[in-house]
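A.B. asks: The structure's right below; bear with me while I get my questions together.
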Amino acid sequence: MANQNIIIALSKGRIFKDTLPLLAHVGIIPQDDPETTRKLILDTNHPHIKLLILRASDVPTYVQYGAADLGVAGKDVLMEHGGEGLFELLDLNIARCRLMVAGRPDAMLKAGRLRVATKYTHSAECYFAEQGRQIELIKLYGSMELAPLVDLADCIVDVVDTGNTLRANGLEPLLPIADISSRLIVNRAAQKLKHHVIADLVKQLDRYLQAGAPQ
Ligand code: ATP
Ligand code: PRP
């Protein structure tokens, strides 16, 4: 790998865990585990490659402003961010889930304006506008499933994987909005100035993914 500095933005939890084998495949090994260290900049076995550990929803912002060259972010987060100044280099096919409208089975039967609780306000707004449905948005930052249970909202927009969280709270998936997986993103400057290193990395990852990387 060339000697240009490369900074990669990741979030801890499922994205870090699922990105680790991909990084290992291209020979990048973090020197710390973000679940146990308090460090936010992790060294790797490469002196020129560092990892930033961020909130998942902040990854596009760090890459957009050039504080990181590359990042791994869910398509849900990218849709919400808007993608300005960013390019999606690869679908990493990790952290797969679906962005959905969910609620009690009869939630969509309500006449008039729907109250929608979500942290995905931009995606929810676009989706219901396309459907021609008037909504009132209630911005939340987590535990969206609670909102219909206490009549804060008629329905929610959130990511669903197994559906266990919805079921455990007496809710159902109602309408699909988008299939979600995590993407490798880059900003314009890094794409231009660090093209060779990044293109090499992408080529290796792409080959690995095409060959059916273990999930
Ligand atoms: P933030 O901390 O910024 O609010 P978050 O808590 O949603 O973000 P994670 O739970 O680590 O962050 O999720 C990271 C990404 O993983 C999400 O953006 C989404 O693309 C995907 N994801 C979220 N929940 C699931 C799930 N249950 N199964 C599979 N993938 C998921
Ligand atoms: C996500 C999402 C749902 C749940 C869906 O929460 O916000 O609550 O996963 O997954 P399921 O369909 O398999 O139950 P997460 O586990 O990331 O918790 P957090 O967002 O509150 O951190």
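To be explicit about the labels: the chains of the structure tokens are called A, B, and onward in the order shown, and within each one the residues are counted from 1, while ligands get numbers from 1 in the order they are shown.
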Grab me every residue within 8 Å of ligand 2, counting only C-alpha atoms and all ligand atoms, and send it over as a list in words.
C.D. replies: Cys97, Gly142, Ser143, Met144, Glu145, Asp158, Val159, Val160, Asp161, Thr162, Gly163, Asn164, Thr165 and Leu166 of chain A
A.B. asks: Skip Leu90 (chain A) itself and residues of its chain fewer than 2 positions away, then list as a PyMOL selection string all residues within 10 Å of it, counting only C-alpha atoms.
C.D. replies: chain A and resi 72+87-88+92-93+182-186+202-203+205-206+209
A.B. asks: With C-alpha atoms retained, could you export that selection as a PDB file, in the first residue's frame?
C.D. replies:
ATOM      1  CA  VAL A  72     -18.541   3.233   5.871  1.00  0.00           C
ATOM      2  CA  PHE A  87     -19.431   9.256  -3.883  1.00  0.00           C
ATOM      3  CA  GLU A  88     -20.491   5.693  -3.154  1.00  0.00           C
ATOM      4  CA  LEU A  92     -20.278  -3.590   1.091  1.00  0.00           C
ATOM      5  CA  ASN A  93     -23.374  -5.737   1.561  1.00  0.00           C
ATOM      6  CA  SER A 182     -23.602  -0.160   4.145  1.00  0.00           C
ATOM      7  CA  ARG A 183     -21.596   1.657   1.502  1.00  0.00           C
ATOM      8  CA  LEU A 184     -17.948   2.648   1.188  1.00  0.00           C
ATOM      9  CA  ILE A 185     -17.972   6.403   0.579  1.00  0.00           C
ATOM     10  CA  VAL A 186     -15.295   8.890  -0.467  1.00  0.00           C
ATOM     11  CA  VAL A 202     -11.693  -0.704  -3.958  1.00  0.00           C
ATOM     12  CA  LYS A 203     -10.473  -3.248  -6.508  1.00  0.00           C
ATOM     13  CA  LEU A 205     -12.577  -5.240  -1.823  1.00  0.00           C
ATOM     14  CA  ASP A 206     -14.731  -5.586  -4.900  1.00  0.00           C
ATOM     15  CA  LEU A 209     -17.193  -9.188  -2.312  1.00  0.00           C
TER      16      LEU A 209
END
A.B. asks: Could you list, as a PyMOL selection string, all protein and nucleic acid residues with an atom at most 7 Å from ligand 1, counting only C-alpha atoms and all ligand atoms?
C.D. replies: chain A and resi 11-15+55-58+73-77+95-97+141-142+159-161+180-182
A.B. asks: Calculated over only C-alpha atoms, which of the candidates A:Gly27, A:Pro176, A:Pro47, A:Gly85 has the smallest distance to Asn5 (chain A)?
C.D. replies: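 Residue with the minimum atom-to-atom distance to Asn5 (chain A): A:Pro47.
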A.B. asks: Nearest residue to Gln191 (chain A) out of A:Pro30, A:Gly103, A:Pro21, A:Gly66, using only C-alpha atoms?
C.D. replies: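 Closest candidate: A:Gly66.
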A.B. asks: Compare A:Ile29, A:Ala168, A:Ile138, A:Leu175 by their minimum atom-to-atom distance to Arg98 (chain A), counting only C-alpha atoms, and give me the closest one.
C.D. replies: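 The closest residue to Arg98 (chain A) is A:Leu175.
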A.B. asks: With only C-alpha atoms as the counted atoms, please give the residues lying no more than 8 Å from Ile28 (chain A), apart from itself and same-chain residues fewer than 5 positions off, as a list in words.
C.D. replies: Leu23, Thr44, Asn45, His46 and Ile49 of chain A
A.B. asks: Measuring between only C-alpha atoms, which one of A:Ile94, A:Ile7, A:Leu20, A:Leu193 shows the shortest distance to Leu52 (chain A)?
C.D. replies: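 Result for the nearest residue to Leu52 (chain A): A:Ile7.
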A.B. asks: Skip Asp43 (chain A) itself and residues of its chain fewer than 5 positions away, then list as a list in words all residues within 7 Å of it, counting only C-alpha atoms.
C.D. replies: Pro30, Gln31, Lys50 and Leu51 of chain A
A.B. asks: Keeping only C-alpha atoms, write the selected residues to a file as a PDB file, in the first residue's frame.
C.D. replies:
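As written to disk, selection04.pdb reads:
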ATOM      1  CA  PRO A  30      -6.799  -1.954  13.818  1.00  0.00           C
ATOM      2  CA  GLN A  31      -4.559  -1.876  16.865  1.00  0.00           C
ATOM      3  CA  LYS A  50      -6.008   5.513  10.719  1.00  0.00           C
ATOM      4  CA  LEU A  51      -9.616   4.806  11.671  1.00  0.00           C
TER       5      LEU A  51
END
